[in-house]
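A.B. asks: Just one file: data-v9.txt, with compact mmCIF, C-alpha atoms.
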# COMPACT_ATOMS: atom_id res chain seq x y z
CA MET A 1 4.30 43.90 -11.42
CA LYS A 2 1.56 41.32 -11.75
CA ASN A 3 3.84 38.91 -13.56
CA ASN A 4 6.44 39.49 -10.93
CA GLY A 5 3.93 38.47 -8.24
CA ASN A 6 3.06 35.27 -10.06
CA MET A 7 6.73 34.49 -10.55
CA THR A 8 7.34 34.91 -6.82
CA THR A 9 4.43 32.60 -6.02
CA LEU A 10 5.98 29.99 -8.28
CA LEU A 11 9.59 30.36 -7.23
CA LYS A 12 9.28 30.78 -3.48
CA GLY A 13 8.55 27.08 -3.11
CA ILE A 14 11.92 26.16 -4.53
CA LEU A 15 14.30 27.69 -2.00
CA VAL A 16 13.09 30.51 0.26
CA GLU A 17 9.97 28.63 1.37
CA ASN A 18 11.08 25.14 0.40
CA PRO A 19 8.46 22.87 2.00
CA VAL A 20 10.95 20.21 3.05
CA LEU A 21 14.05 22.14 4.03
CA VAL A 22 12.60 25.41 5.34
CA LEU A 23 8.97 24.84 6.30
CA ILE A 24 9.83 21.30 7.51
CA LEU A 25 6.67 19.69 6.18
CA GLY A 26 6.33 16.19 4.80
CA THR A 27 9.24 14.75 6.73
CA CYS A 28 8.11 11.13 6.56
CA PRO A 29 8.34 10.57 2.77
CA THR A 30 11.48 12.69 2.69
CA LEU A 31 13.25 10.26 4.96
CA ALA A 32 11.67 7.08 3.68
CA THR A 33 11.82 7.35 -0.10
CA THR A 34 15.23 8.93 -0.61
CA THR A 35 17.37 5.80 -0.64
CA ASN A 36 17.09 5.73 -4.42
CA VAL A 37 17.05 8.66 -6.88
CA ALA A 38 14.39 7.06 -9.09
CA GLY A 39 12.09 6.45 -6.11
CA ALA A 40 12.58 9.97 -4.79
CA PHE A 41 11.83 11.49 -8.19
CA GLY A 42 8.70 9.35 -8.57
CA MET A 43 7.52 10.30 -5.09
CA GLY A 44 8.14 13.99 -5.82
CA ILE A 45 6.19 13.91 -9.09
CA ALA A 46 3.31 11.94 -7.55
CA ALA A 47 3.04 14.47 -4.72
CA LEU A 48 3.33 17.34 -7.24
CA VAL A 49 0.39 16.02 -9.26
CA VAL A 50 -1.77 15.52 -6.16
CA LEU A 51 -0.77 18.93 -4.82
CA VAL A 52 -1.61 20.81 -8.03
CA CYS A 53 -4.93 18.99 -8.52
CA SER A 54 -6.06 19.39 -4.93
CA ASN A 55 -4.96 23.04 -4.80
CA ILE A 56 -7.01 23.80 -7.94
CA LEU A 57 -10.12 21.96 -6.74
CA ILE A 58 -9.98 23.35 -3.20
CA SER A 59 -9.48 26.85 -4.53
CA LEU A 60 -12.49 26.41 -6.84
CA LEU A 61 -14.61 25.19 -3.93
CA ARG A 62 -13.27 27.62 -1.35
CA LYS A 63 -16.51 29.64 -1.21
CA ILE A 64 -18.75 26.54 -1.11
CA ILE A 65 -17.06 24.46 1.61
CA PRO A 66 -18.45 25.44 5.04
CA ASP A 67 -15.70 26.64 7.32
CA ASN A 68 -16.20 24.23 10.21
CA VAL A 69 -16.06 21.04 8.14
CA ARG A 70 -13.31 22.18 5.78
CA ILE A 71 -10.57 19.84 7.06
CA PRO A 72 -12.61 16.63 6.42
CA CYS A 73 -13.57 18.03 3.00
CA TYR A 74 -9.95 18.70 2.13
CA ILE A 75 -8.96 15.21 3.29
CA VAL A 76 -11.60 13.58 1.08
CA ILE A 77 -10.54 15.63 -1.96
CA ILE A 78 -6.87 14.82 -1.38
CA ALA A 79 -7.55 11.12 -0.74
CA GLY A 80 -9.51 10.98 -3.99
CA PHE A 81 -6.61 12.36 -6.01
CA VAL A 82 -4.15 10.11 -4.18
CA THR A 83 -6.23 7.07 -5.11
CA MET A 84 -6.20 8.14 -8.77
CA VAL A 85 -2.42 8.65 -8.75
CA GLN A 86 -2.01 5.30 -7.00
CA MET A 87 -3.98 3.52 -9.72
CA ILE A 88 -2.09 5.29 -12.53
CA VAL A 89 1.29 4.44 -11.00
CA GLN A 90 0.25 0.84 -10.39
CA ALA A 91 -0.89 0.48 -14.01
CA PHE A 92 1.97 2.21 -15.83
CA PHE A 93 4.97 2.14 -13.45
CA PRO A 94 4.70 -1.14 -11.49
CA ALA A 95 8.37 -1.04 -10.45
CA LEU A 96 7.90 2.38 -8.88
CA TYR A 97 4.69 1.18 -7.21
CA GLU A 98 6.64 -1.65 -5.55
CA MET A 99 9.41 0.72 -4.49
CA LEU A 100 7.18 3.33 -2.87
CA GLY A 101 4.80 0.82 -1.27
CA VAL A 102 2.70 2.28 1.53
CA TYR A 103 4.23 5.75 1.15
CA LEU A 104 2.23 6.33 -2.01
CA ALA A 105 -1.03 5.97 -0.09
CA LEU A 106 0.43 8.09 2.68
CA ILE A 107 0.59 11.14 0.38
CA THR A 108 -2.95 11.59 1.74
CA VAL A 109 -1.64 12.59 5.14
CA ASN A 110 1.41 14.43 3.80
CA CYS A 111 1.45 17.72 5.68
CA ILE A 112 2.61 19.66 2.59
CA ILE A 113 -0.61 19.03 0.72
CA LEU A 114 -3.04 19.68 3.56
CA GLY A 115 -0.84 22.54 4.75
CA ARG A 116 -0.93 24.30 1.35
CA ALA A 117 -4.69 23.72 1.09
CA GLU A 118 -5.20 25.36 4.46
CA MET A 119 -2.58 28.07 4.11
CA PHE A 120 -2.88 29.05 0.45
CA ALA A 121 -5.55 27.43 -1.74
CA SER A 122 -8.41 28.24 0.65
CA LYS A 123 -7.58 31.95 0.43
CA ASN A 124 -6.31 32.54 -3.11
CA SER A 125 -7.56 32.45 -6.70
CA VAL A 126 -7.42 29.30 -8.83
CA GLY A 127 -4.48 30.43 -10.98
CA LYS A 128 -2.36 31.44 -8.02
CA SER A 129 -3.16 28.21 -6.19
CA ALA A 130 -2.11 26.18 -9.21
CA LEU A 131 1.19 28.10 -9.42
CA ASP A 132 1.73 27.66 -5.70
CA GLY A 133 1.09 23.93 -6.09
CA ILE A 134 3.61 23.67 -8.94
CA GLY A 135 6.23 25.68 -7.02
CA MET A 136 5.82 23.75 -3.79
CA GLY A 137 5.71 20.45 -5.66
CA LEU A 138 8.93 21.29 -7.52
CA GLY A 139 10.56 22.35 -4.25
CA PHE A 140 9.54 19.03 -2.72
CA THR A 141 10.83 17.06 -5.72
CA LEU A 142 14.14 18.94 -5.79
CA ALA A 143 14.74 18.52 -2.07
CA LEU A 144 13.93 14.82 -2.30
CA CYS A 145 16.24 14.37 -5.29
CA ALA A 146 19.07 16.28 -3.59
CA MET A 147 18.82 14.02 -0.56
CA ALA A 148 18.50 10.91 -2.68
CA VAL A 149 21.59 11.80 -4.74
CA ILE A 150 23.67 12.24 -1.59
CA ARG A 151 22.35 9.06 -0.01
CA GLU A 152 22.48 6.85 -3.08
CA VAL A 153 25.80 7.98 -4.55
CA PHE A 154 27.72 7.91 -1.28
CA GLY A 155 25.75 5.17 0.44
CA ASN A 156 25.21 2.68 -2.36
CA ALA A 157 27.71 3.78 -5.06
CA SER A 158 24.97 3.95 -7.66
CA PHE A 159 22.73 6.50 -9.38
CA ALA A 160 19.05 5.69 -10.00
CA GLY A 161 19.92 2.00 -9.73
CA MET A 162 22.91 2.13 -12.10
CA PRO A 163 26.20 1.30 -10.35
CA ILE A 164 28.96 3.92 -10.55
CA PRO A 165 32.27 2.29 -11.54
CA PHE A 166 35.28 2.46 -9.15
CA PHE A 167 33.12 3.95 -6.41
CA GLU A 168 32.17 0.65 -4.82
CA PRO A 169 35.01 0.37 -2.25
CA PHE A 170 34.34 3.85 -0.87
CA LYS A 171 30.60 3.60 -0.21
CA ILE A 172 29.27 4.41 3.26
CA ALA A 173 26.47 1.89 3.67
CA PHE A 174 25.24 3.72 6.79
CA LEU A 175 23.78 6.50 4.62
CA VAL A 176 21.09 4.37 2.98
CA LYS A 177 19.99 2.99 6.35
CA ALA A 178 17.43 4.77 8.54
CA PRO A 179 19.86 6.77 10.75
CA GLY A 180 21.77 7.99 7.69
CA GLY A 181 18.57 9.50 6.31
CA MET A 182 18.00 11.56 9.44
CA LEU A 183 21.65 12.63 9.51
CA VAL A 184 21.66 13.81 5.87
CA TYR A 185 18.32 15.60 6.39
CA GLY A 186 19.63 17.39 9.48
CA LEU A 187 22.79 18.47 7.67
CA LEU A 188 20.80 19.73 4.65
CA ILE A 189 18.49 21.79 6.88
CA ALA A 190 21.54 23.34 8.53
CA LEU A 191 23.06 24.10 5.11
CA VAL A 192 19.90 25.77 3.80
CA SER A 193 19.49 27.75 7.00
CA ALA A 194 23.09 28.97 6.63
CA VAL A 195 22.55 29.93 2.97
CA THR A 196 19.17 31.64 3.32
CA ARG A 197 19.92 33.39 6.59
CA GLY A 198 18.02 36.67 6.71
CA LYS A 199 15.93 35.82 3.66
CA ALA A 200 13.85 33.12 5.27
CA PRO A 201 10.28 34.02 6.29
CA ALA A 202 9.57 35.27 9.78
CA LYS A 203 9.41 32.69 12.54
CA THR A 204 5.66 32.98 13.05
CA GLU A 205 5.05 31.45 9.63
CA PHE A 206 6.38 28.10 10.79
CA SER A 207 3.91 27.62 13.58
CA CYS A 208 0.39 26.23 13.50
CA GLU A 209 -0.53 27.67 10.10
CA GLY A 210 1.44 25.12 8.16
CA CYS A 211 0.22 22.25 10.29
CA PRO A 212 -2.56 20.13 8.81
CA SER A 213 -4.10 19.66 12.23
CA ALA A 214 -4.19 23.37 13.00
CA GLY A 215 -7.85 23.67 12.00
CA ASN A 216 -9.06 21.63 14.94
CA CYS A 217 -6.13 22.00 17.30
CA HIS A 218 -5.10 25.44 18.53
CA THR A 219 -3.51 23.99 21.61
CA GLY A 220 -0.16 25.43 20.67
CA LEU A 221 1.47 22.17 21.68
CA CYS A 222 3.82 22.21 18.76
CA GLN A 223 4.66 25.87 19.22
CA ALA A 224 7.93 24.70 20.64
CA LYS A 225 8.89 23.70 17.11
CA GLY A 226 8.17 27.19 15.77
CA GLU A 227 9.80 29.24 18.47
CA GLU A 228 12.97 27.22 18.37
CA LEU A 229 13.45 27.68 14.65
CA MET B 230 1.82 -22.37 21.58
CA ASP B 231 2.87 -21.59 18.03
CA LEU B 232 0.27 -18.83 17.90
CA MET B 233 1.61 -17.36 21.15
CA LYS B 234 5.13 -17.49 19.77
CA SER B 235 4.24 -15.78 16.50
CA LEU B 236 2.33 -13.08 18.39
CA ILE B 237 5.31 -12.39 20.65
CA VAL B 238 7.60 -12.19 17.63
CA ILE B 239 5.24 -9.69 15.95
CA LEU B 240 5.00 -7.61 19.14
CA LEU B 241 8.73 -7.47 19.82
CA SER B 242 9.71 -6.86 16.23
CA SER B 243 7.27 -3.98 15.84
CA VAL B 244 8.46 -2.38 19.10
CA LEU B 245 12.19 -2.79 18.60
CA VAL B 246 13.28 -3.92 15.14
CA ASN B 247 10.77 -2.27 12.83
CA ASN B 248 10.09 0.68 15.09
CA TYR B 249 7.68 2.89 13.15
CA VAL B 250 9.39 6.16 13.94
CA LEU B 251 13.02 5.15 13.88
CA SER B 252 13.22 2.67 11.05
CA ARG B 253 10.06 3.08 8.94
CA PHE B 254 9.84 6.87 9.24
CA LEU B 255 6.16 7.14 10.03
CA GLY B 256 4.87 9.70 12.50
CA ILE B 257 7.97 11.86 12.34
CA CYS B 258 6.01 15.12 12.74
CA PRO B 259 4.73 14.47 16.30
CA PHE B 260 8.04 12.77 17.08
CA LEU B 261 9.87 16.02 16.38
CA GLY B 262 7.11 18.43 17.38
CA VAL B 263 5.78 17.11 20.69
CA SER B 264 8.90 15.50 22.17
CA LYS B 265 10.22 18.54 24.02
CA LYS B 266 8.80 17.65 27.43
CA LEU B 267 8.56 14.20 28.97
CA ASP B 268 4.90 14.50 30.05
CA GLN B 269 3.79 15.73 26.63
CA ALA B 270 5.77 12.97 24.92
CA THR B 271 4.15 10.34 27.15
CA GLY B 272 0.65 11.75 26.61
CA MET B 273 1.08 11.78 22.86
CA GLY B 274 2.53 8.26 22.86
CA VAL B 275 -0.35 6.84 24.90
CA SER B 276 -2.97 8.58 22.72
CA VAL B 277 -1.36 7.33 19.52
CA THR B 278 -1.26 3.77 20.88
CA ALA B 279 -4.95 3.93 21.78
CA VAL B 280 -5.97 5.35 18.40
CA MET B 281 -3.82 2.82 16.52
CA LEU B 282 -5.50 -0.07 18.37
CA LEU B 283 -8.97 1.31 17.74
CA ALA B 284 -8.25 2.15 14.11
CA THR B 285 -6.97 -1.36 13.41
CA ALA B 286 -9.91 -2.94 15.22
CA VAL B 287 -12.27 -1.02 12.93
CA THR B 288 -10.39 -0.93 9.61
CA TRP B 289 -9.47 -4.65 9.51
CA PRO B 290 -13.11 -5.83 9.48
CA ILE B 291 -14.03 -3.07 7.00
CA GLN B 292 -11.35 -4.22 4.56
CA HIS B 293 -11.99 -7.96 4.88
CA LEU B 294 -15.75 -8.07 5.40
CA LEU B 295 -16.80 -5.15 3.25
CA LEU B 296 -14.32 -3.79 0.71
CA ASP B 297 -12.87 -7.14 -0.40
CA ARG B 298 -16.31 -8.76 -0.66
CA VAL B 299 -17.69 -6.14 -3.03
CA GLY B 300 -14.45 -5.59 -4.95
CA LEU B 301 -13.83 -2.04 -3.75
CA GLY B 302 -10.28 -2.69 -2.54
CA TYR B 303 -9.02 0.42 -4.30
CA MET B 304 -11.17 2.62 -2.05
CA GLN B 305 -8.91 1.63 0.88
CA THR B 306 -7.11 4.95 1.25
CA ILE B 307 -10.23 7.12 1.20
CA ILE B 308 -12.28 4.87 3.48
CA PHE B 309 -9.46 4.37 6.00
CA ILE B 310 -8.65 8.04 6.41
CA LEU B 311 -12.34 8.89 6.84
CA VAL B 312 -12.82 6.12 9.38
CA ILE B 313 -9.77 7.25 11.34
CA ALA B 314 -10.87 10.89 11.29
CA ALA B 315 -14.37 9.98 12.47
CA LEU B 316 -12.99 7.63 15.11
CA VAL B 317 -10.73 10.29 16.59
CA GLN B 318 -13.61 12.75 16.75
CA MET B 319 -15.87 10.20 18.45
CA LEU B 320 -13.17 9.20 20.89
CA GLU B 321 -12.73 12.82 21.84
CA LEU B 322 -16.49 13.31 22.36
CA ILE B 323 -16.75 10.13 24.46
CA LEU B 324 -13.77 11.04 26.61
CA LYS B 325 -15.11 14.56 27.11
CA ARG B 326 -18.56 13.31 28.13
CA PHE B 327 -17.69 10.31 30.32
CA PHE B 328 -14.07 10.66 31.39
CA PRO B 329 -13.43 14.39 31.78
CA ALA B 330 -10.27 13.82 33.82
CA LEU B 331 -8.74 11.64 31.13
CA HIS B 332 -9.87 14.09 28.47
CA LYS B 333 -8.09 16.89 30.28
CA ASN B 334 -4.83 14.97 30.14
CA LEU B 335 -4.99 13.29 26.74
CA GLY B 336 -7.71 15.21 24.88
CA VAL B 337 -5.38 17.87 23.57
CA TYR B 338 -3.37 15.31 21.64
CA LEU B 339 -6.31 13.72 19.85
CA PRO B 340 -6.92 16.31 17.09
CA LEU B 341 -3.25 16.08 16.19
CA ILE B 342 -3.58 12.36 15.55
CA THR B 343 -6.15 12.51 12.72
CA THR B 344 -3.52 13.23 10.13
CA ASN B 345 -0.75 11.24 11.75
CA CYS B 346 0.69 9.06 9.05
CA ALA B 347 1.69 6.36 11.54
CA VAL B 348 -1.96 5.54 12.28
CA LEU B 349 -2.95 5.25 8.61
CA GLY B 350 0.34 3.48 7.93
CA VAL B 351 -0.32 0.81 10.57
CA ALA B 352 -3.85 0.22 9.30
CA ILE B 353 -2.67 -0.20 5.71
CA ASN B 354 0.43 -2.24 6.59
CA ASN B 355 -1.61 -4.73 8.62
CA ILE B 356 -3.70 -5.40 5.51
CA THR B 357 -0.70 -5.55 3.14
CA ASP B 358 1.21 -7.91 5.43
CA GLY B 359 -1.77 -10.28 5.38
CA TYR B 360 -2.12 -10.44 9.17
CA SER B 361 -5.10 -12.11 10.81
CA PHE B 362 -7.30 -9.99 13.09
CA LEU B 363 -5.45 -11.04 16.25
CA GLU B 364 -2.06 -10.51 14.65
CA SER B 365 -3.14 -7.07 13.41
CA ILE B 366 -4.19 -6.02 16.91
CA VAL B 367 -0.91 -7.23 18.39
CA SER B 368 1.10 -5.54 15.66
CA SER B 369 -0.64 -2.20 16.17
CA LEU B 370 -0.14 -2.50 19.92
CA GLY B 371 3.55 -3.08 19.26
CA CYS B 372 3.77 -0.12 16.88
CA GLY B 373 2.07 2.13 19.42
CA LEU B 374 4.37 0.99 22.22
CA GLY B 375 7.36 1.45 19.93
CA PHE B 376 6.21 5.00 19.20
CA LEU B 377 5.80 5.66 22.95
CA LEU B 378 9.27 4.26 23.65
CA ALA B 379 10.87 6.38 20.94
CA MET B 380 9.07 9.53 22.15
CA VAL B 381 10.07 9.02 25.79
CA LEU B 382 13.72 8.24 24.98
CA PHE B 383 13.93 11.17 22.62
CA SER B 384 12.41 13.69 25.03
CA GLY B 385 15.19 12.82 27.47
CA MET B 386 17.76 13.42 24.77
CA ARG B 387 16.23 16.74 23.79
CA SER B 388 16.35 18.13 27.31
CA ARG B 389 20.10 17.54 27.16
CA ILE B 390 20.38 19.29 23.80
CA ASP B 391 18.66 22.36 25.24
CA GLU B 392 21.52 22.86 27.67
CA THR B 393 24.30 22.79 25.11
CA ASN B 394 25.76 25.50 22.92
CA ILE B 395 25.09 24.66 19.28
CA PRO B 396 26.47 26.37 16.14
CA LYS B 397 23.86 28.74 14.74
CA PRO B 398 22.82 27.00 11.49
CA PHE B 399 22.32 23.76 13.41
CA ARG B 400 19.97 25.23 16.02
CA GLY B 401 16.40 24.01 16.04
CA LEU B 402 15.42 21.16 13.83
CA ALA B 403 18.81 20.35 12.32
CA VAL B 404 20.40 19.23 15.57
CA THR B 405 17.17 17.51 16.60
CA LEU B 406 17.26 15.37 13.46
CA ILE B 407 20.90 14.51 13.98
CA ALA B 408 20.09 13.45 17.56
CA ALA B 409 17.21 11.35 16.21
CA SER B 410 19.67 9.74 13.87
CA PHE B 411 21.76 8.56 16.84
CA ILE B 412 18.72 7.03 18.56
CA SER B 413 17.84 5.32 15.30
CA LEU B 414 21.40 4.03 15.09
CA ALA B 415 21.01 2.54 18.57
CA PHE B 416 17.81 0.80 17.53
CA MET B 417 19.57 -0.72 14.52
CA GLY B 418 21.37 -2.88 17.04
CA PHE B 419 18.12 -4.78 17.63
CA ALA B 420 18.05 -6.10 14.06
CA GLY B 421 18.13 -9.87 14.15
CA VAL B 422 17.74 -10.07 17.94
CA VAL B 423 14.09 -11.10 17.88
CA ASP B 424 14.55 -13.82 15.28
CA ALA B 425 17.56 -15.16 17.16
CA LEU B 426 15.57 -15.33 20.42
CA PHE B 427 13.08 -17.79 19.00
CA ALA B 428 15.28 -19.63 16.57
Take the structure I supplied and represent it as structure tokens, if you would.
C.D. replies:
Amino acid sequence: MKNNGNMTTLLKGILVENPVLVLILGTCPTLATTTNVAGAFGMGIAALVVLVCSNILISLLRKIIPDNVRIPCYIVIIAGFVTMVQMIVQAFFPALYEMLGVYLALITVNCIILGRAEMFASKNSVGKSALDGIGMGLGFTLALCAMAVIREVFGNASFAGMPIPFFEPFKIAFLVKAPGGMLVYGLLIALVSAVTRGKAPAKTEFSCEGCPSAGNCHTGLCQAKGEEL
Amino acid sequence: MDLMKSLIVILLSSVLVNNYVLSRFLGICPFLGVSKKLDQATGMGVSVTAVMLLATAVTWPIQHLLLDRVGLGYMQTIIFILVIAALVQMLELILKRFFPALHKNLGVYLPLITTNCAVLGVAINNITDGYSFLESIVSSLGCGLGFLLAMVLFSGMRSRIDETNIPKPFRGLAVTLIAASFISLAFMGFAGVVDALFA
């Protein structure tokens, strides 16, 4: 039973509670870095590393951090890990660093990471938080890669930068441009919602809880987003 | 005159051509979340513009006069996000204390802006693009106005969507994103316009 619970924590991030396609968190990098499979994979792994590290540290500190300053504390922890990842990527994968540009630094304000810190790591044990981080990170990476494959193969007739022979005349250049990203993302959300119908979490789970700003907001402004889903 | 011209080019291109929401994908969360009603969309847009201007006015000197001088350039991300978070809190306190009417209208949007990636994105991009202080201010004004424009246009579009009958899997965010894609497509038409104007 216990193993089963851990397995669920790990696996729910991949489809049923996929952060990108079901919880609709972290939309900005999803749209911006998916024009190339290599870039999307790099972005996913970078976010995964930050997510796992910050989940572990926040879970360790969950009894020490005072409740009313927890959001700034989380932001500092996350920004610290992001800076480390940034330096590692810059040193060892300079091509990827060029490709991701400002979006690497913007992992700091990625709602998935702050959202998981607030929703999960601040309430659960270290082991579970680490598993949750891995699951959510994998879900993020997979969703990014799925989008990038669609956009790169059909939009640019290549895969991770390598051209696909005989595909060139049929490419739809629109897909790698900005509007194509939003279109593919919208279609994927519709697809996942059709596949997981009935299994997806209750509507209330979409609302303020997953939002990084929830801690100091509570205005319910974005509730519209939750109730409509 | 040349300075004026370059400033106008920066302003127009950040409003229309490189619109932060529609072509650089920053600040998508509030764009999708708070664009249901026109007044909310306007309020959010105005607040974001104000915070972007303030954030740039503070982070530019910090980067150039402090971090670069002592070789702490790599601390950019941490310092910037802390400065923005503190700034938003202070702005809220000041508005609450001295301009209660304004706070009543715009105050609710401020906490949402702390973790808005567009604000951090503008601050970092201004540094990476090597803009001078004046250029940075103009560029963040343009980005804010571009955000406002996108929000206002999109809220109009969404009120139309609400009245239509949509297939079930597409309801909610899916159709919203597809609508956003059309607006983005419209903005693609501006590519090259600004350069051609001043050629």
A.B. asks: Compile the residues of chain B that lie within 7 Å of chain A, evaluated using all atoms listed in the file, and express the compilation as a PDB file with C-alpha atoms, in the frame of the given file.
C.D. replies:
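Listed below is the output, part-v2.pdb:
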ATOM      1  CA  LEU B 251      13.020   5.150  13.880  1.00  0.00           C
ATOM      2  CA  SER B 252      13.220   2.670  11.050  1.00  0.00           C
ATOM      3  CA  ARG B 253      10.060   3.080   8.940  1.00  0.00           C
ATOM      4  CA  PHE B 254       9.840   6.870   9.240  1.00  0.00           C
ATOM      5  CA  LEU B 255       6.160   7.140  10.030  1.00  0.00           C
ATOM      6  CA  GLY B 256       4.870   9.700  12.500  1.00  0.00           C
ATOM      7  CA  ILE B 257       7.970  11.860  12.340  1.00  0.00           C
ATOM      8  CA  CYS B 258       6.010  15.120  12.740  1.00  0.00           C
ATOM      9  CA  GLY B 262       7.110  18.430  17.380  1.00  0.00           C
ATOM     10  CA  VAL B 263       5.780  17.110  20.690  1.00  0.00           C
ATOM     11  CA  THR B 306      -7.110   4.950   1.250  1.00  0.00           C
ATOM     12  CA  ILE B 307     -10.230   7.120   1.200  1.00  0.00           C
ATOM     13  CA  VAL B 337      -5.380  17.870  23.570  1.00  0.00           C
ATOM     14  CA  PRO B 340      -6.920  16.310  17.090  1.00  0.00           C
ATOM     15  CA  LEU B 341      -3.250  16.080  16.190  1.00  0.00           C
ATOM     16  CA  THR B 344      -3.520  13.230  10.130  1.00  0.00           C
ATOM     17  CA  ASN B 345      -0.750  11.240  11.750  1.00  0.00           C
ATOM     18  CA  CYS B 346       0.690   9.060   9.050  1.00  0.00           C
ATOM     19  CA  GLY B 350       0.340   3.480   7.930  1.00  0.00           C
ATOM     20  CA  PRO B 398      22.820  27.000  11.490  1.00  0.00           C
ATOM     21  CA  PHE B 399      22.320  23.760  13.410  1.00  0.00           C
ATOM     22  CA  GLY B 401      16.400  24.010  16.040  1.00  0.00           C
ATOM     23  CA  LEU B 402      15.420  21.160  13.830  1.00  0.00           C
ATOM     24  CA  ALA B 403      18.810  20.350  12.320  1.00  0.00           C
ATOM     25  CA  VAL B 404      20.400  19.230  15.570  1.00  0.00           C
ATOM     26  CA  LEU B 406      17.260  15.370  13.460  1.00  0.00           C
ATOM     27  CA  ILE B 407      20.900  14.510  13.980  1.00  0.00           C
ATOM     28  CA  ALA B 409      17.210  11.350  16.210  1.00  0.00           C
ATOM     29  CA  SER B 410      19.670   9.740  13.870  1.00  0.00           C
ATOM     30  CA  PHE B 411      21.760   8.560  16.840  1.00  0.00           C
ATOM     31  CA  SER B 413      17.840   5.320  15.300  1.00  0.00           C
ATOM     32  CA  LEU B 414      21.400   4.030  15.090  1.00  0.00           C
TER      33      LEU B 414
END
A.B. asks: Residues near Lys265 of chain B, anyone? I mean within 7 Å using all atoms listed in the file, not counting same-chain ones fewer than 6 positions away, as a PyMOL selection string.
C.D. replies: chain B and resi 384+387-388
A.B. asks: Just how far from atom CA of Ala330 of chain B is atom CA of Ala286 of chain B, in Å to one decimal?
C.D. replies: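 Atom CA of Ala286 of chain B sits 25.0 Å away from atom CA of Ala330 of chain B.
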A.B. asks: Can you tell me how far atom CA of Asn6 of chain A sits from atom CA of Asp67 of chain A, in Å to one decimal?
C.D. replies: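 One can read the atom CA of Asn6 of chain A to atom CA of Asp67 of chain A distance as 27.0 Å.
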A.B. asks: First collect every listed atom of segment 122-134 of chain A; then fit an axis-aligned box around them, widen it by 8 Å on each side, and give centre and edge lengths in Å to one decimal, as JSON.
C.D. replies:
{"center_x": -2.4, "center_y": 28.1, "center_z": -5.2, "size_x": 28.0, "size_y": 24.9, "size_z": 27.6}
A.B. asks: With all atoms listed in the file as the atoms that count, which of B:Ile366, B:Ile237, B:Leu322, B:Val244 lies nearest to Val287 of chain B?
C.D. replies: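 Closest to Val287 of chain B, using all atoms listed in the file: B:Ile366.
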A.B. asks: With only C-alpha atoms as the atoms that count, which of B:Asn334, B:Asn247, B:Thr343, B:Ser235 lies nearest to Leu374 of chain B?
C.D. replies: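 With only C-alpha atoms as the atom set, the closest residue is B:Asn247.
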